[in-house]
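Next comes query_20.cif, a file with mmCIF, C-alpha atoms.
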data_upload
loop_
_atom_site.label_atom_id
_atom_site.label_comp_id
_atom_site.auth_asym_id
_atom_site.auth_seq_id
_atom_site.Cartn_x
_atom_site.Cartn_y
_atom_site.Cartn_z
CA MET A 1 54.60 207.59 135.26
CA LYS A 2 54.08 205.35 138.28
CA GLN A 3 53.18 206.15 141.88
CA THR A 4 56.16 206.06 144.23
CA VAL A 5 56.75 205.82 147.97
CA ARG A 6 56.46 209.64 148.02
CA ASP A 7 52.76 209.37 147.07
CA ILE A 8 51.55 207.18 149.96
CA ASP A 9 51.21 207.30 153.73
CA VAL A 10 53.31 204.51 155.26
CA ALA A 11 53.24 205.45 158.97
CA GLY A 12 52.71 202.33 161.08
CA LYS A 13 52.10 200.20 157.98
CA TYR A 14 53.74 196.91 157.03
CA VAL A 15 55.61 197.72 153.80
CA LEU A 16 56.98 194.81 151.77
CA VAL A 17 59.87 196.02 149.61
CA ARG A 18 61.15 193.90 146.71
CA VAL A 19 64.88 194.63 146.54
CA ASP A 20 67.62 193.23 144.34
CA PHE A 21 70.18 191.86 146.79
CA ASN A 22 71.53 189.35 144.27
CA VAL A 23 75.10 190.19 145.27
CA PRO A 24 78.33 188.19 145.04
CA LEU A 25 79.39 186.39 148.22
CA ALA A 26 82.95 185.35 149.11
CA HIS A 27 83.93 183.40 152.24
CA GLY A 28 80.44 183.92 153.68
CA LYS A 29 80.50 187.69 153.27
CA VAL A 30 79.19 190.23 150.74
CA ALA A 31 81.95 190.85 148.17
CA ASP A 32 80.33 193.84 146.43
CA ASP A 33 77.67 195.88 148.22
CA ALA A 34 76.73 198.30 145.39
CA ARG A 35 73.20 196.87 145.10
CA LEU A 36 72.66 197.15 148.85
CA ARG A 37 73.83 200.77 148.89
CA ALA A 38 71.56 201.58 145.93
CA THR A 39 68.45 200.67 147.98
CA LEU A 40 69.43 202.54 151.16
CA PRO A 41 67.54 205.75 150.16
CA THR A 42 64.25 203.83 149.90
CA ILE A 43 64.79 201.93 153.17
CA GLU A 44 65.75 205.12 155.06
CA PHE A 45 62.81 207.02 153.51
CA LEU A 46 60.39 204.38 154.81
CA ARG A 47 62.05 204.13 158.23
CA LYS A 48 61.92 207.90 158.77
CA ARG A 49 58.20 207.78 158.03
CA LYS A 50 57.68 205.05 160.67
CA ALA A 51 56.99 202.16 158.30
CA LYS A 52 57.61 198.56 159.38
CA VAL A 53 59.99 197.56 156.60
CA ILE A 54 59.99 193.98 155.27
CA LEU A 55 62.58 193.28 152.56
CA ILE A 56 62.39 190.42 150.08
CA SER A 57 64.98 189.38 147.48
CA HIS A 58 66.39 186.52 145.48
CA LEU A 59 70.03 185.43 145.59
CA GLY A 60 71.57 183.30 142.86
CA ARG A 61 69.71 180.49 141.10
CA PRO A 62 68.67 177.89 143.69
CA LYS A 63 66.01 176.62 141.23
CA GLY A 64 63.22 176.27 143.78
CA THR A 65 65.14 174.36 146.47
CA VAL A 66 66.85 175.47 149.68
CA LYS A 67 70.59 175.92 149.14
CA GLU A 68 72.50 176.79 152.31
CA SER A 69 75.15 178.71 150.34
CA LEU A 70 72.44 181.03 148.99
CA ARG A 71 70.85 182.05 152.29
CA LEU A 72 70.54 185.80 152.80
CA THR A 73 72.00 185.81 156.35
CA PRO A 74 75.35 187.38 155.32
CA VAL A 75 73.45 190.01 153.32
CA ALA A 76 71.40 190.92 156.41
CA ALA A 77 74.62 191.21 158.45
CA HIS A 78 76.17 193.58 155.89
CA LEU A 79 72.97 195.61 155.59
CA SER A 80 72.96 195.98 159.39
CA GLU A 81 76.39 197.64 159.14
CA LEU A 82 75.26 199.99 156.37
CA LEU A 83 72.07 201.02 158.19
CA GLU A 84 73.76 201.01 161.62
CA LEU A 85 70.88 199.07 163.14
CA PRO A 86 70.07 195.37 163.56
CA VAL A 87 68.36 193.89 160.50
CA ARG A 88 66.18 190.99 161.56
CA THR A 89 65.91 187.80 159.53
CA ALA A 90 63.32 185.08 159.01
CA PRO A 91 64.02 181.46 158.03
CA ASP A 92 61.51 181.65 155.15
CA CYS A 93 59.63 184.25 153.11
CA ILE A 94 56.15 182.80 153.72
CA GLY A 95 54.42 180.80 156.46
CA SER A 96 54.17 181.19 160.23
CA ALA A 97 57.86 182.00 160.82
CA ALA A 98 57.79 184.87 158.32
CA ALA A 99 54.44 186.12 159.70
CA SER A 100 55.72 186.04 163.31
CA ALA A 101 58.89 187.93 162.38
CA ALA A 102 56.84 190.56 160.52
CA HIS A 103 54.28 191.00 163.31
CA ALA A 104 57.09 191.59 165.83
CA LEU A 105 58.28 194.68 163.94
CA GLN A 106 58.00 198.15 165.46
CA PRO A 107 57.86 201.31 163.28
CA GLY A 108 61.31 201.90 161.78
CA ASP A 109 62.41 198.26 162.15
CA VAL A 110 63.81 196.30 159.19
CA LEU A 111 63.31 192.58 158.44
CA LEU A 112 64.93 190.63 155.61
CA LEU A 113 62.99 187.54 154.57
CA GLU A 114 64.77 184.43 153.25
CA ASN A 115 65.63 183.91 149.56
CA VAL A 116 62.34 184.01 147.65
CA ARG A 117 63.72 181.68 144.95
CA PHE A 118 63.92 178.81 147.45
CA HIS A 119 60.29 178.34 146.34
CA PRO A 120 59.65 177.20 142.73
CA GLU A 121 56.34 179.13 142.84
CA GLU A 122 58.28 182.43 142.73
CA GLU A 123 59.53 182.03 139.16
CA GLN A 124 56.26 180.34 138.15
CA ASN A 125 54.42 183.50 139.29
CA ASP A 126 52.06 181.25 141.22
CA PRO A 127 48.98 183.27 142.35
CA ASP A 128 48.62 181.48 145.72
CA PHE A 129 52.31 182.05 146.52
CA ALA A 130 51.95 185.73 145.56
CA ARG A 131 48.89 186.00 147.82
CA ARG A 132 50.86 184.49 150.74
CA LEU A 133 53.64 187.05 150.23
CA ALA A 134 51.07 189.86 150.06
CA SER A 135 49.46 188.71 153.32
CA LEU A 136 52.50 190.06 155.20
CA ALA A 137 51.98 193.63 154.02
CA ASP A 138 49.67 196.64 153.70
CA ILE A 139 51.70 198.12 150.82
CA PHE A 140 54.11 196.69 148.24
CA VAL A 141 57.12 198.68 147.01
CA ASN A 142 59.17 197.46 144.04
CA ASP A 143 62.72 198.81 144.23
CA ALA A 144 64.32 195.92 142.31
CA PHE A 145 64.83 197.38 138.85
CA GLY A 146 67.32 194.58 138.09
CA ALA A 147 64.47 192.06 138.37
CA ALA A 148 61.71 194.21 136.84
CA HIS A 149 61.84 192.37 133.51
CA ARG A 150 60.77 189.16 135.27
CA ALA A 151 57.08 188.33 135.65
CA HIS A 152 57.59 186.59 139.01
CA ALA A 153 55.39 186.38 142.10
CA SER A 154 57.46 188.92 144.06
CA THR A 155 57.76 191.41 141.18
CA GLN A 156 54.39 191.20 139.43
CA GLY A 157 51.97 188.64 140.90
CA ILE A 158 51.87 190.22 144.34
CA THR A 159 50.27 193.42 142.98
CA ALA A 160 47.01 191.53 142.41
CA TYR A 161 46.58 191.40 146.22
CA VAL A 162 48.21 194.54 147.60
CA PRO A 163 48.75 198.00 146.04
CA GLY A 164 52.21 198.43 144.50
CA VAL A 165 54.33 201.57 144.05
CA ALA A 166 57.90 202.26 142.94
CA GLY A 167 60.81 202.75 145.32
CA LEU A 168 63.28 205.61 144.92
CA LEU A 169 65.82 203.50 143.04
CA MET A 170 63.14 202.20 140.65
CA GLU A 171 61.92 205.78 140.16
CA LYS A 172 65.46 206.99 139.35
CA GLU A 173 66.12 204.15 136.89
CA ILE A 174 62.86 204.73 135.02
CA ALA A 175 63.37 208.52 134.88
CA THR A 176 67.01 208.30 133.74
CA LEU A 177 66.44 205.66 131.05
CA SER A 178 63.21 207.32 129.86
CA GLN A 179 65.16 210.53 129.30
CA LEU A 180 67.54 208.62 127.01
CA LEU A 181 64.64 207.44 124.88
CA GLN A 182 62.73 210.72 124.85
CA SER A 183 64.94 213.80 125.18
CA PRO A 184 68.67 213.17 125.72
CA ARG A 185 71.15 216.05 125.74
CA LYS A 186 72.73 216.11 122.29
CA PRO A 187 74.93 214.86 120.79
CA PHE A 188 73.91 211.43 122.13
CA VAL A 189 76.66 208.80 121.87
CA ALA A 190 75.91 205.12 122.54
CA VAL A 191 78.96 202.95 123.26
CA ILE A 192 77.78 199.37 122.80
CA GLY A 193 79.98 196.31 123.23
CA GLY A 194 79.66 192.74 124.38
CA ALA A 195 79.89 189.38 122.73
CA LYS A 196 76.69 189.01 120.72
CA ILE A 197 74.79 191.30 118.40
CA SER A 198 71.78 189.00 118.95
CA THR A 199 71.37 190.32 122.52
CA LYS A 200 71.78 193.98 121.52
CA ILE A 201 70.16 194.37 118.09
CA GLY A 202 66.82 195.38 119.67
CA VAL A 203 68.55 198.18 121.59
CA LEU A 204 70.60 199.29 118.57
CA THR A 205 67.49 199.48 116.38
CA ASN A 206 65.32 201.24 118.98
CA LEU A 207 68.02 203.84 119.75
CA LEU A 208 68.42 204.79 116.07
CA GLN A 209 65.72 207.43 116.61
CA GLN A 210 67.76 209.29 119.25
CA VAL A 211 71.46 208.42 118.91
CA ASP A 212 73.87 210.60 116.90
CA VAL A 213 76.87 208.26 117.08
CA PHE A 214 77.17 204.54 117.80
CA VAL A 215 80.60 203.37 119.01
CA LEU A 216 80.65 199.59 118.59
CA GLY A 217 83.16 197.01 119.78
CA GLY A 218 83.46 193.44 121.02
CA GLY A 219 81.82 190.56 119.19
CA ILE A 220 79.11 192.94 117.96
CA ALA A 221 81.68 194.91 115.95
CA ASN A 222 83.25 191.68 114.64
CA THR A 223 79.91 190.63 113.13
CA LEU A 224 79.42 194.08 111.61
CA LEU A 225 82.96 194.07 110.18
CA LYS A 226 82.40 190.66 108.61
CA ALA A 227 79.12 191.96 107.15
CA GLN A 228 81.26 194.58 105.36
CA GLY A 229 83.54 191.91 103.93
CA ILE A 230 86.42 192.32 106.41
CA ALA A 231 88.17 189.07 107.41
CA VAL A 232 88.34 188.82 111.22
CA GLY A 233 90.40 185.62 111.68
CA GLU A 234 89.37 183.48 114.66
CA SER A 235 87.33 186.31 116.25
CA LEU A 236 83.91 185.69 117.78
CA VAL A 237 81.26 186.26 115.09
CA GLU A 238 77.55 185.40 114.86
CA ASP A 239 77.57 184.24 111.24
CA GLY A 240 73.81 183.68 111.20
CA LEU A 241 73.26 187.36 111.96
CA ILE A 242 75.45 188.85 109.25
CA PRO A 243 72.35 189.86 107.19
CA VAL A 244 70.89 191.53 110.34
CA ALA A 245 74.20 193.39 110.86
CA ALA A 246 74.21 194.57 107.24
CA GLU A 247 70.60 195.73 107.59
CA PHE A 248 71.48 197.72 110.74
CA ILE A 249 74.33 199.50 108.92
CA ALA A 250 71.91 200.41 106.10
CA GLN A 251 69.30 201.69 108.60
CA ALA A 252 71.93 203.82 110.39
CA GLU A 253 73.00 205.38 107.08
CA GLU A 254 69.39 206.15 106.23
CA ALA A 255 68.86 207.73 109.68
CA ASN A 256 72.08 209.76 109.27
CA VAL A 257 73.58 208.11 112.38
CA THR A 258 77.36 207.63 112.47
CA VAL A 259 78.52 204.07 113.23
CA LEU A 260 82.09 204.10 114.51
CA LEU A 261 83.69 200.67 114.00
CA PRO A 262 87.30 199.71 114.85
CA ARG A 263 89.96 200.80 112.33
CA ASP A 264 92.65 198.93 114.24
CA ALA A 265 92.56 196.10 116.76
CA VAL A 266 94.58 194.33 119.44
CA VAL A 267 94.83 190.68 118.39
CA GLY A 268 96.27 187.54 119.94
CA LEU A 269 96.24 183.78 119.73
CA VAL A 270 93.38 181.97 121.44
CA GLY A 271 93.44 179.81 124.57
CA ALA A 272 96.45 177.78 125.69
CA ALA A 273 98.68 179.36 123.06
CA ALA A 274 97.61 182.84 124.18
CA THR A 275 100.13 185.51 123.29
CA ALA A 276 100.56 189.12 124.29
CA GLY A 277 98.26 191.36 122.25
CA ARG A 278 99.63 193.15 119.20
CA VAL A 279 98.13 196.01 117.24
CA VAL A 280 97.17 195.54 113.58
CA GLU A 281 95.07 197.44 111.06
CA ILE A 282 91.49 196.17 110.87
CA ASP A 283 91.93 194.92 107.29
CA ALA A 284 95.07 192.97 108.22
CA ILE A 285 93.86 190.54 110.91
CA PRO A 286 96.08 187.39 110.79
CA VAL A 287 93.94 184.31 110.09
CA ASP A 288 95.12 182.45 113.21
CA THR A 289 94.35 185.30 115.68
CA MET A 290 91.27 186.78 117.30
CA ILE A 291 90.36 190.40 117.95
CA GLY A 292 90.52 190.93 121.71
CA ASP A 293 90.13 194.70 121.82
CA ILE A 294 89.84 197.81 119.71
CA GLY A 295 93.22 199.36 118.91
CA PRO A 296 94.82 202.64 120.07
CA ALA A 297 93.89 204.59 116.89
CA THR A 298 90.24 203.62 117.41
CA VAL A 299 90.45 204.54 121.12
CA LYS A 300 91.66 207.99 120.00
CA ASP A 301 88.63 208.26 117.68
CA VAL A 302 86.31 207.27 120.55
CA LYS A 303 87.82 209.81 122.93
CA ALA A 304 87.31 212.56 120.33
CA VAL A 305 83.63 211.61 119.98
CA LEU A 306 83.12 211.51 123.77
CA ALA A 307 84.77 214.91 124.24
CA SER A 308 81.91 216.68 122.46
CA ALA A 309 79.03 214.45 123.66
CA GLY A 310 76.03 215.75 125.61
CA THR A 311 74.89 212.28 126.69
CA VAL A 312 76.77 208.97 126.71
CA LEU A 313 75.27 205.53 127.24
CA TRP A 314 77.78 202.70 127.72
CA ASN A 315 76.61 199.09 127.73
CA GLY A 316 79.09 196.27 127.17
CA PRO A 317 82.91 196.40 127.23
CA LEU A 318 84.66 196.87 123.88
CA GLY A 319 87.30 194.23 124.64
CA LEU A 320 87.94 191.10 126.70
CA PHE A 321 88.98 193.27 129.63
CA GLU A 322 89.25 190.27 132.00
CA GLU A 323 92.56 189.60 130.19
CA GLU A 324 95.08 192.40 130.77
CA ARG A 325 96.35 192.15 127.17
CA PHE A 326 92.87 193.19 125.98
CA ALA A 327 91.91 195.66 128.74
CA GLY A 328 93.22 198.88 127.19
CA SER A 329 90.09 200.33 125.63
CA THR A 330 87.78 199.48 128.54
CA ARG A 331 90.15 201.18 130.99
CA ALA A 332 90.56 204.23 128.71
CA ILE A 333 86.82 204.66 128.11
CA ALA A 334 85.97 204.28 131.82
CA GLN A 335 88.47 206.97 132.74
CA THR A 336 87.42 209.26 129.87
CA LEU A 337 83.75 209.03 130.88
CA ALA A 338 84.59 209.82 134.51
CA ASP A 339 86.27 213.05 133.38
CA CYS A 340 83.91 214.20 130.61
CA SER A 341 81.18 216.84 130.99
CA ALA A 342 78.40 214.77 129.39
CA THR A 343 75.55 213.06 131.24
CA THR A 344 76.94 209.52 131.49
CA ILE A 345 74.89 206.36 132.01
CA VAL A 346 76.57 202.96 132.41
CA GLY A 347 74.53 199.75 132.37
CA GLY A 348 75.20 196.02 132.39
CA GLY A 349 76.96 194.02 135.10
CA GLU A 350 80.31 193.67 133.34
CA THR A 351 80.43 197.32 132.31
CA VAL A 352 79.58 198.56 135.81
CA ALA A 353 82.22 196.17 137.21
CA ALA A 354 84.80 197.60 134.79
CA VAL A 355 83.98 201.18 135.76
CA GLU A 356 84.38 200.25 139.43
CA ARG A 357 87.59 198.30 138.77
CA TYR A 358 89.23 201.30 137.13
CA GLY A 359 88.14 203.73 139.86
CA ALA A 360 85.80 205.69 137.59
CA ALA A 361 82.42 205.00 139.25
CA ASP A 362 82.24 208.27 141.20
CA GLY A 363 82.51 210.26 137.96
CA ILE A 364 79.54 208.54 136.27
CA SER A 365 76.14 210.28 136.38
CA HIS A 366 74.14 207.04 136.70
CA LEU A 367 75.19 203.41 137.19
CA SER A 368 72.17 201.32 136.20
CA THR A 369 71.48 198.35 138.48
CA GLY A 370 69.72 196.44 135.71
CA GLY A 371 71.35 194.05 133.28
CA GLY A 372 68.61 192.43 131.21
CA ALA A 373 66.08 194.94 132.57
CA THR A 374 68.12 197.90 131.29
CA LEU A 375 68.44 196.32 127.84
CA GLU A 376 64.73 195.49 127.61
CA PHE A 377 63.77 199.01 128.74
CA LEU A 378 66.06 200.54 126.09
CA GLU A 379 64.52 198.21 123.50
CA GLY A 380 61.22 199.91 124.28
CA LYS A 381 59.71 196.83 125.92
CA SER A 382 57.26 197.00 128.82
CA LEU A 383 58.78 195.55 132.01
CA PRO A 384 56.28 193.38 133.96
CA GLY A 385 57.55 194.58 137.34
CA VAL A 386 57.03 198.23 136.32
CA ALA A 387 53.75 197.79 134.44
CA ALA A 388 52.17 196.14 137.52
CA LEU A 389 52.66 199.23 139.71
CA GLN A 390 49.93 201.84 140.24
CA ASP A 391 49.84 204.72 137.77
CA ALA A 392 50.46 208.21 139.12
#
Conversion result in structure tokens:
Amino acid sequence: MKQTVRDIDVAGKYVLVRVDFNVPLAHGKVADDARLRATLPTIEFLRKRKAKVILISHLGRPKGTVKESLRLTPVAAHLSELLELPVRTAPDCIGSAAASAAHALQPGDVLLLENVRFHPEEEQNDPDFARRLASLADIFVNDAFGAAHRAHASTQGITAYVPGVAGLLMEKEIATLSQLLQSPRKPFVAVIGGAKISTKIGVLTNLLQQVDVFVLGGGIANTLLKAQGIAVGESLVEDGLIPVAAEFIAQAEEANVTVLLPRDAVVGLVGAAATAGRVVEIDAIPVDTMIGDIGPATVKDVKAVLASAGTVLWNGPLGLFEEERFAGSTRAIAQTLADCSATTIVGGGETVAAVERYGAADGISHLSTGGGATLEFLEGKSLPGVAALQDA
């Protein structure tokens, strides 16, 4: 376990907090403030203990150059509303302007530095750049779980120059996901979707030790179905990974883990000739159609599995829910999870967005703020931004 903000004295200290404010903007305003709200407990914790709070984040992919559309000014304005106090800004994250803005802080004040990725040295994890960031602070707090799988200057490099601890959001993410890997309430059901088995095979394999039932959909299921000799028409398949898919099915059988694959599907024509979805049995996919979603009989199977679950992890939608004709299963699963008695953890940007779209977010036990970080953690990998923090 890592030290957290609870373990240190921050009164009167300059505390540099790495946050993940990589939020969508629309018309110069924050379009979705979930990531801002997720960090409020850490910011308020530090403010109440009279810290001088300096926030640092990336936004988008400016690739080491200043992009006016990716300035953090609108984020600071929205954060001011959430905190109900003025959040100061600086025109850069290093240099004299950043130092002046930091030194002007009084205990309880909050400053948001400019987009750290305006500097190429951030993603290069440049030691001198990390040292310049560290020079602003007495203590470093990493609360950006969504960026913890990156070995960047503001997530890892900085800890060579200033002691680093976890924020409250980081602490919660690590504790919740560790529980999944170590001692989940049983039965443990993992609902895994998304386009590519290549991005999820590490998670699938690592979770075999704990999971009782895998519910698989999306392109992942298509590849597994094809590995079992089922023709899937024009559906997305990773043909090069069919042997890997077959191996996973064999490993699951050996581990006595149930793999629930679609027994029916909603199919349609692709692209310009797109048609309304129609339901067919899984072994009767027309050659000129693609699978866009799992079918209603499969949804019924999934609901039955979820009804008796102790823990449910959901990562990746089971259909192309952006298209209404293929949104049925994602909507049904979101609403079922919101109402079920299991401990429910939802991770991945698209999946969290789906849960929010269908009004189910308040019923979920934990919405993970990590995309790639959540996957790498569940694969059993060490995250650079976590490993760099001080041990408890």
Coordinates-based distance that separates atom CA of Phe248 of chain A from atom CA of Thr343 of chain A (Å, one decimal):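 The value is 25.9 Å.
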Residues at most 7 Å from segment 218-235 of chain A, counting all atoms listed in the file, excluding those fewer than 5 positions away in the same chain, as a ChimeraX atom specification? /A:193-197,242,245-246,261,283,285-291,293,317-319
Could you tell me which residues the PyMOL selection byres ((chain A and resi 37) around 12) grabs in this file, written as a ChimeraX atom specification? /A:19-21,23,30,32-36,38-44,75,78-83,169,369
Next, dump the selected residues to file, keeping only C-alpha atoms, as a short mmCIF file (atom, residue, chain, number, x, y, z; two decimals), in the coordinates of the input.
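The resulting part-v6.cif:
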data_model
loop_
_atom_site.label_atom_id
_atom_site.label_comp_id
_atom_site.auth_asym_id
_atom_site.auth_seq_id
_atom_site.Cartn_x
_atom_site.Cartn_y
_atom_site.Cartn_z
CA VAL A 19 64.88 194.63 146.54
CA ASP A 20 67.62 193.23 144.34
CA PHE A 21 70.18 191.86 146.79
CA VAL A 23 75.10 190.19 145.27
CA VAL A 30 79.19 190.23 150.74
CA ASP A 32 80.33 193.84 146.43
CA ASP A 33 77.67 195.88 148.22
CA ALA A 34 76.73 198.30 145.39
CA ARG A 35 73.20 196.87 145.10
CA LEU A 36 72.66 197.15 148.85
CA ALA A 38 71.56 201.58 145.93
CA THR A 39 68.45 200.67 147.98
CA LEU A 40 69.43 202.54 151.16
CA PRO A 41 67.54 205.75 150.16
CA THR A 42 64.25 203.83 149.90
CA ILE A 43 64.79 201.93 153.17
CA GLU A 44 65.75 205.12 155.06
CA VAL A 75 73.45 190.01 153.32
CA HIS A 78 76.17 193.58 155.89
CA LEU A 79 72.97 195.61 155.59
CA SER A 80 72.96 195.98 159.39
CA GLU A 81 76.39 197.64 159.14
CA LEU A 82 75.26 199.99 156.37
CA LEU A 83 72.07 201.02 158.19
CA LEU A 169 65.82 203.50 143.04
CA THR A 369 71.48 198.35 138.48
#
With distances taken over only C-alpha atoms, which residue among A:Ile94, A:Leu204, A:Val312, A:Met1 lies nearest Asp391 of chain A? A:Met1
Nearest residue to Gly167 of chain A out of A:Val191, A:Val141, A:Ala31, A:Ala76, using only C-alpha atoms?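 Closest candidate: A:Val141.
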In Å, with one decimal, what is the gap from atom CA of Ala102 of chain A to atom CA of Phe140 of chain A? 14.0 Å
Within 8 Å of Ser154 of chain A, counting only C-alpha atoms, which residues show up once you throw out same-chain ones fewer than 5 positions away? Write them as a ChimeraX atom specification, please. /A:18,56,116,122,125,130,133
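Here atom CA of Trp314 of chain A and atom CA of Pro262 of chain A stand 16.3 Å from one another.
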For Val203 of chain A, which residue out of A:Ser178, A:Thr159, A:Thr65, A:Asn315 is the nearest one, using all atoms listed in the file? A:Asn315
Name the residues that the PyMOL selection byres ((chain A and resi 330) around 7) picks from the file above, as a list of chain:residue names, using the file's chain letters and numbers.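 On the file shown, the PyMOL selection byres ((chain A and resi 330) around 7) covers A:Pro317, A:Leu318, A:Gly319, A:Phe321, A:Ala327, A:Gly328, A:Ser329, A:Arg331, A:Ala332, A:Ile333, A:Ala334.
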Put those residues in a file: C-alpha atoms, as a PDB file, in the coordinates of the input.
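So the final result, stored in selection-v7.pdb, reads:
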ATOM      1  CA  PRO A 317      82.910 196.400 127.230  1.00  0.00           C
ATOM      2  CA  LEU A 318      84.660 196.870 123.880  1.00  0.00           C
ATOM      3  CA  GLY A 319      87.300 194.230 124.640  1.00  0.00           C
ATOM      4  CA  PHE A 321      88.980 193.270 129.630  1.00  0.00           C
ATOM      5  CA  ALA A 327      91.910 195.660 128.740  1.00  0.00           C
ATOM      6  CA  GLY A 328      93.220 198.880 127.190  1.00  0.00           C
ATOM      7  CA  SER A 329      90.090 200.330 125.630  1.00  0.00           C
ATOM      8  CA  ARG A 331      90.150 201.180 130.990  1.00  0.00           C
ATOM      9  CA  ALA A 332      90.560 204.230 128.710  1.00  0.00           C
ATOM     10  CA  ILE A 333      86.820 204.660 128.110  1.00  0.00           C
ATOM     11  CA  ALA A 334      85.970 204.280 131.820  1.00  0.00           C
TER      12      ALA A 334
END
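Distances from A:Val266, A:Ile54, A:Ala148, A:Cys340 to Ile174 of chain A were compared using only C-alpha atoms, and the smallest one belongs to A:Ala148.
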Using all atoms listed in the file, can you tell me which of A:Pro91, A:Pro127, A:His119, A:Ile139 comes closest to Lys13 of chain A?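 Using all atoms listed in the file, the shortest distance to Lys13 of chain A belongs to A:Ile139.
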Chain and number of each residue from the PyMOL selection byres ((chain A and resi 136) around 9), as a list in words: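 Evaluating the PyMOL selection byres ((chain A and resi 136) around 9) on this file yields Tyr14, Val15, Leu16, Ile54, Ile94, Ala98, Ala99, Ala102, His103, Arg132, Leu133, Ala134, Ser135, Ala137 and Asp138 of chain A.
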Non-local contacts of Asp362 of chain A (12 Å; all atoms listed in the file; under 4 positions in same chain excluded) as a VMD selection string: chain A and resid 334 to 335 337 to 339 344 to 346 352 355 to 358 366 to 367
Counting all atoms listed in the file, the residue among A:Thr275, A:Thr258, A:Gln251, A:Ser96 that lies closest to Val189 of chain A is A:Thr258
Within 8 Å of segment 71-73 of chain A, counting all atoms listed in the file, which residues qualify if same-chain residues fewer than 3 places away don't, as a list in words?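 Close residues of segment 71-73 of chain A: Leu59, Lys67, Glu68, Ala76, Ala77, Thr89, Leu112, Leu113, Glu114 and Asn115 of chain A.
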As AutoDock Vina command-line options, please report the centre and edge lengths, rounded to one decimal in Å, of the axis-aligned box that holds all listed atoms of segment 280-299 of chain A with 6 Å of padding on each of the six sides.
--center_x 93.5 --center_y 193.5 --center_z 114.6 --size_x 19.3 --size_y 34.1 --size_z 26.5
Since the input lacks atoms, please generate all heavy atoms for segment 139-143 of chain A and provide them as a compact mmCIF listing (two decimals), in the frame of the given file.
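Everything below was put into result.txt:
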# COMPACT_ATOMS: atom_id res chain seq x y z
N ILE A 139 51.25 197.44 152.04
CA ILE A 139 51.70 198.12 150.82
C ILE A 139 52.88 197.35 150.25
O ILE A 139 53.71 196.82 151.00
CB ILE A 139 52.14 199.57 151.13
CG1 ILE A 139 50.97 200.41 151.67
CG2 ILE A 139 52.75 200.26 149.90
CD1 ILE A 139 51.40 201.67 152.38
N PHE A 140 52.96 197.30 148.92
CA PHE A 140 54.11 196.69 148.24
C PHE A 140 54.91 197.78 147.53
O PHE A 140 54.33 198.65 146.87
CB PHE A 140 53.63 195.64 147.21
CG PHE A 140 54.72 195.13 146.31
CD1 PHE A 140 55.76 194.36 146.81
CD2 PHE A 140 54.70 195.40 144.95
CE1 PHE A 140 56.77 193.89 145.97
CE2 PHE A 140 55.69 194.93 144.10
CZ PHE A 140 56.74 194.17 144.62
N VAL A 141 56.23 197.74 147.69
CA VAL A 141 57.12 198.68 147.01
C VAL A 141 58.11 197.87 146.18
O VAL A 141 58.79 196.98 146.71
CB VAL A 141 57.90 199.56 148.02
CG1 VAL A 141 58.94 200.42 147.30
CG2 VAL A 141 56.95 200.43 148.82
N ASN A 142 58.17 198.15 144.88
CA ASN A 142 59.17 197.46 144.04
C ASN A 142 60.36 198.41 143.85
O ASN A 142 60.23 199.46 143.22
CB ASN A 142 58.59 197.05 142.69
CG ASN A 142 59.50 196.04 141.98
OD1 ASN A 142 60.68 195.91 142.31
ND2 ASN A 142 58.95 195.31 141.02
N ASP A 143 61.49 198.03 144.41
CA ASP A 143 62.72 198.81 144.23
C ASP A 143 63.80 197.98 143.53
O ASP A 143 64.98 198.34 143.54
CB ASP A 143 63.24 199.30 145.60
CG ASP A 143 63.94 200.65 145.50
OD1 ASP A 143 63.56 201.44 144.62
OD2 ASP A 143 64.85 200.92 146.31
